[in-house]
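Participant: This is the structure, below, for whatever I ask next.
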Amino acid sequence: MRNFALRSLFPALLIGLIASPAFANLPPAESLANLTPKPAQVLVDQTVNGLLSRYHYGDKELNNALSEYIFRHYLKALDPTRSYFTQQDIDEFSKYSRQMGNAIRKGNLEPAFNIYNAYKERVAQQVHYALQVLEGKPDLTTDQTYTFDRDKASWPADQAALDALWHKRVTNDVINLMLAGKSRDEAAEVLRKRYKNFLDQAKQINSADVFNTFMNTYAHAMDPHTAYFSPEDSEQFRIEMSLKLQGIGAALTIKYQYVTVERVIPGGPAAKSDQLHAGDRIVGVAQGKDGKMVDVVGWRLSDVVNLIRGKKGTVVRLHILPRGAAPGSTEKNLKLVRNVIELKAQQARSDVIDIKRDGHEYKVGVITIPSFYRDFKAEVAGKKDYRSTTRDVRRLIGDLKEKDIDALVVDLRDNPGGSLAEATEMTGLFIDQGPVVQVRGTDGQVKVHRDRDDSVAWRGPMVVMVNRFSASASEIFTGAIQDYHRGLIVGSTTYGKGTVQSLIDLNHFVASGDAGQLKLTIAKFYRVTGSSTQDRGVRPDIVLPSPIDTSEFGESTEENALPWDKISAADFQPFQDQLHARLPALRQDHLRRIADSPEYQLFLKDIEIARKMHARNTVSLNIDKRRAERKDLEERQLADINAWRQIKGKKPVKSLEALPDDADRPDVLLHEAAQIATDMSKMNLGIGPQPETKVAKKVAAGF
């Protein structure tokens, strides 16, 4: 659970008040003390600059263009919803826009701290003003609307425009809480505490917090995966990488005022519940079965993490605003039992899906791989039975062969990557000897990583499932399988992370002992064809729909992503291209099947509804209209749930509150991947010779 940006400390919580004659004689806002940089931070700044300028793969010059980028994104880190600064403020700050580069080189942190101190004064002023306007009871019957997604909005022109924006935000905050069941007085009390808590947190921000945000802005200007870790962030990163997270098993970040799920860790309580997903927002946390739900909107990320973490076996309850839902939409409650997430929970696992066709039953093996792991510590210690993805997958294939499977699906959805060695060696389970991936370093030298084992664990039909969150090592494996024509890739275009990072301990360069770490991009991946996986990812042979919005997630959405490019192909020999020759027929069979599938069509409808909801970025500030909209949404959600229950042969429920715990929905995409694998089996699209299963014998007999 990481905390890289100052918006993790100062979320854009309060976005709505208007100047009013009734408050013309308000006492002045509380002033917060100015912060100044520390001498040790100057040394860290110059060290980071030296490392980035010498060793970063992108070889970006700290020129005027990069300086302006740092300036713009530092302002965005402070005020991501453009709700504190006005355009007049930005014009005043513009004197720094081309100074950032020289300031970083010289260790001059004053521009960054000056901007922050001005921001902090705005925060104190607006929080104070929010409390006063809250007492004025804003009108809840207006015909106005509020734009809650301001990521691409313009800066308010002046103070009057900013005040108008703030008035709408506070009105919306009151409506949201009243829609959640609170009275107007109760809503005002919650907001009063929320706003005061926000000001209290603002007082706790120190020089290190400002420095960390600015250094991260500089690091991210090089590429999305280069980052500065403060000593505190370094420890959080170490805990996450050790896979021993005592809590719910989710990586969290701050997006505006909400603690947001960045990633659900496979094998953890959140993943097992299948009720918490990337993009969901946590609005409340409660301890135990009966503890009071604590409103955490606007809290520091670290404080929310501390509430969620706890002893193994204890209960934590979360109040969730689902991904894409507008503020004030129906929220849901989730109960999780904390557990320790270790390497075992991340290990590959297998299952079998039975597919009935033409009076015969096909068995499709499924191997799900949450990450590419390897117990390097045990390996170095000389333990022969150390855990690795390749070893586990080889064993699982053996088990599936004994169950007489006809085809295999390798599920890499949501797999963020991991060990390069494992991606290379696991590819070798499905191909003969040959190159798997090429890596080019900052010196331009290309190293080819090869599979040197000529044994093949599975020669039968094979499908690889991916989605937008399949990244890095997942893309290496998927790209190699596609380039060798070894299997069919189904799903959606992968993330596009084709870069390699190295973690550098800055304490080797700075004697302070608390300099932190720098994660530095040092190399780039290329497929055996010479094409990079960077930015473009791996494109599937058969596209399956996804609820993940590719305009929000993926390398191509990052303004500063390193570009796609191409190098010379490696010397490799693909298998005879029977697979692609039959691809049109496989696609036709797929399209015909999903057109006749009630489950698939309902899944497509769910995606369409979710996208429409997500595309909406405004809400009414009339509480009666909002209540009607919420009722309509809940009725549509109930109808959708009952449609799924009807398909599964279950009785309909009369309300969302009456929904039982068995409300999970089938994995429509995995089932379709198994159907495609069955099509391949009927066409005998392996690399043969393969084990003769019962169905294969029947195919050979011409049934």
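Ligands are numbered from 1 in the order shown, residues from 1 within each chain, and chains are lettered A, B, ... in the order they appear in the structure tokens.
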Please list as an MDAnalysis selection string every residue within 7 Å of region 194-199 of chain A, counting only C-alpha atoms and excluding residues in the same chain fewer than 5 positions away.

Facilitator: chainID A and resid 124 127 298:299

Participant: Region 307-319 of chain A: which residues within 10 Å, counting only C-alpha atoms, same-chain residues fewer than 4 positions away excluded, as number ranges by chain?

Facilitator: A: 245-249, 276, 281-296, 302-303, 331-341

Participant: Between CA of Pro416 (chain A) and CA of Ser470 (chain A), measure the distance and give it in Å to one decimal.

Facilitator: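 About the pair CA of Pro416 (chain A) and CA of Ser470 (chain A): they are 5.5 Å apart.
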
Participant: At a cut-off of 10 Å, using only C-alpha atoms, what residues contact Ala271 (chain A)? Leave out same-chain residues fewer than 6 positions from it and give the result as a list in words.

Facilitator: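 The contact residues come out as Ile248, Gly249, Ala250, Arg263, Val264, Ile265 and His277 of chain A.
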
Participant: List as a list in words the protein and nucleic acid residues near Lys38 (chain A), meaning an atom at most 12 Å away when only C-alpha atoms are counted, but skip any in the same chain fewer than 6 places from it.

Facilitator: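 Here the qualifying residues turn out to be Val44, Asp45, Gly107, Asn108, Leu109, Glu110, Phe113, Asn206, Ser207, Ala208, Asp209, Val210, Phe211, Ser512 and Ala515 of chain A.
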
Participant: When distances are computed from only C-alpha atoms, which of A:Lys625, A:Lys152, A:Arg587, A:Arg391 shows the smallest separation from Arg349 (chain A)?

Facilitator: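 Distance minimum relative to Arg349 (chain A) lands on A:Arg391.
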
Participant: Please report, as number ranges by chain, each residue of region 377-571 of chain A to which DSSP assigns alpha helix (DSSP H) when run on this structure's backbone.

Facilitator: A: 377-380, 389-402, 420-427, 473-483

Participant: Just write the chosen residues, C-alpha atoms, as a short mmCIF file (atom, residue, chain, number, x, y, z; two decimals), in the first residue's frame.

Facilitator:
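That gives us selection34.cif:
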data_model
loop_
_atom_site.label_atom_id
_atom_site.label_comp_id
_atom_site.auth_asym_id
_atom_site.auth_seq_id
_atom_site.Cartn_x
_atom_site.Cartn_y
_atom_site.Cartn_z
CA LYS A 377 16.23 -16.86 -1.04
CA ALA A 378 15.60 -20.61 -0.88
CA GLU A 379 17.33 -21.08 -4.24
CA VAL A 380 20.48 -19.28 -3.06
CA THR A 389 6.02 -20.68 -11.13
CA THR A 390 7.57 -23.02 -13.68
CA ARG A 391 7.93 -25.89 -11.23
CA ASP A 392 4.37 -25.50 -10.00
CA VAL A 393 2.91 -25.23 -13.51
CA ARG A 394 4.84 -28.32 -14.67
CA ARG A 395 3.39 -30.26 -11.72
CA LEU A 396 -0.13 -28.96 -12.39
CA ILE A 397 0.10 -29.96 -16.05
CA GLY A 398 1.06 -33.46 -14.94
CA ASP A 399 -1.98 -33.59 -12.65
CA LEU A 400 -4.27 -32.36 -15.42
CA LYS A 401 -2.92 -34.94 -17.86
CA GLU A 402 -3.90 -37.63 -15.38
CA LEU A 420 11.78 -12.50 -15.83
CA ALA A 421 13.53 -15.86 -15.39
CA GLU A 422 10.21 -17.54 -14.59
CA ALA A 423 8.46 -16.04 -17.62
CA THR A 424 11.29 -17.40 -19.78
CA GLU A 425 11.39 -20.85 -18.22
CA MET A 426 7.61 -21.25 -18.16
CA THR A 427 7.46 -20.47 -21.87
CA ALA A 473 6.35 -10.86 -17.31
CA SER A 474 2.79 -11.83 -18.32
CA GLU A 475 3.29 -9.95 -21.57
CA ILE A 476 6.64 -11.66 -22.16
CA PHE A 477 5.07 -15.11 -21.88
CA THR A 478 1.97 -14.15 -23.87
CA GLY A 479 4.00 -12.48 -26.63
CA ALA A 480 6.26 -15.51 -26.99
CA ILE A 481 3.32 -17.95 -27.19
CA GLN A 482 1.76 -15.75 -29.88
CA ASP A 483 4.98 -15.26 -31.85
#

Participant: Going by DSSP on the backbone, which bits of region 529-632 of chain A are strand (DSSP E)? Write them as a list in words, please.

Facilitator: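 Residues meeting the strand (DSSP E) criterion: Ile542, Val543, Thr618, Val619, Ser620, Leu621 and Asn622 of chain A.
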
Participant: Output C-alpha atoms of each residue in that selection to a file, as a PDB file, in the first residue's frame.

Facilitator:
ATOM      1  CA  ILE A 542      -9.824 -13.173 -30.241  1.00  0.00           C
ATOM      2  CA  VAL A 543     -11.069 -10.115 -28.354  1.00  0.00           C
ATOM      3  CA  THR A 618     -22.195  15.427 -13.288  1.00  0.00           C
ATOM      4  CA  VAL A 619     -24.978  15.074 -10.721  1.00  0.00           C
ATOM      5  CA  SER A 620     -28.045  17.132  -9.879  1.00  0.00           C
ATOM      6  CA  LEU A 621     -27.978  19.326  -6.774  1.00  0.00           C
ATOM      7  CA  ASN A 622     -31.700  18.798  -6.273  1.00  0.00           C
TER       8      ASN A 622
END

Participant: Write out as an mmCIF file with C-alpha atoms, in the first residue's frame each polymer residue whose atoms come within 9 Å of Leu32 (chain A), counting only C-alpha atoms; drop sequence neighbours fewer than 5 positions from it.

Facilitator:
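Written file, result09.cif:
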data_model
loop_
_atom_site.group_PDB
_atom_site.id
_atom_site.type_symbol
_atom_site.label_atom_id
_atom_site.label_comp_id
_atom_site.auth_asym_id
_atom_site.auth_seq_id
_atom_site.Cartn_x
_atom_site.Cartn_y
_atom_site.Cartn_z
ATOM 1 C CA ASN A 117 3.129 26.990 1.089
ATOM 2 C CA LYS A 120 -1.443 25.263 2.178
ATOM 3 C CA GLU A 121 -2.781 28.746 2.832
ATOM 4 C CA ALA A 124 -6.673 26.522 5.545
ATOM 5 C CA ALA A 202 -2.932 19.577 7.045
ATOM 6 C CA LYS A 203 -1.179 20.751 10.187
#

Participant: Smallest atom-to-atom distance to Ala570 (chain A): which of A:Asp640, A:Val437, A:Leu140, A:Ala188, using only C-alpha atoms?

Facilitator: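 With only C-alpha atoms as the atom set, the closest residue is A:Val437.
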
Participant: Rounded to one decimal in Å, what is the spacing between CA of Ser472 (chain A) and CA of Ala581 (chain A)?

Facilitator: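 Between CA of Ser472 (chain A) and CA of Ala581 (chain A) the gap works out to 28.7 Å.
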
Participant: Please indicate the distance in Å from CA of Asn102 (chain A) to CA of Gln46 (chain A), rounded to one decimal place.

Facilitator: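 Between these atoms lies a distance of 11.0 Å.
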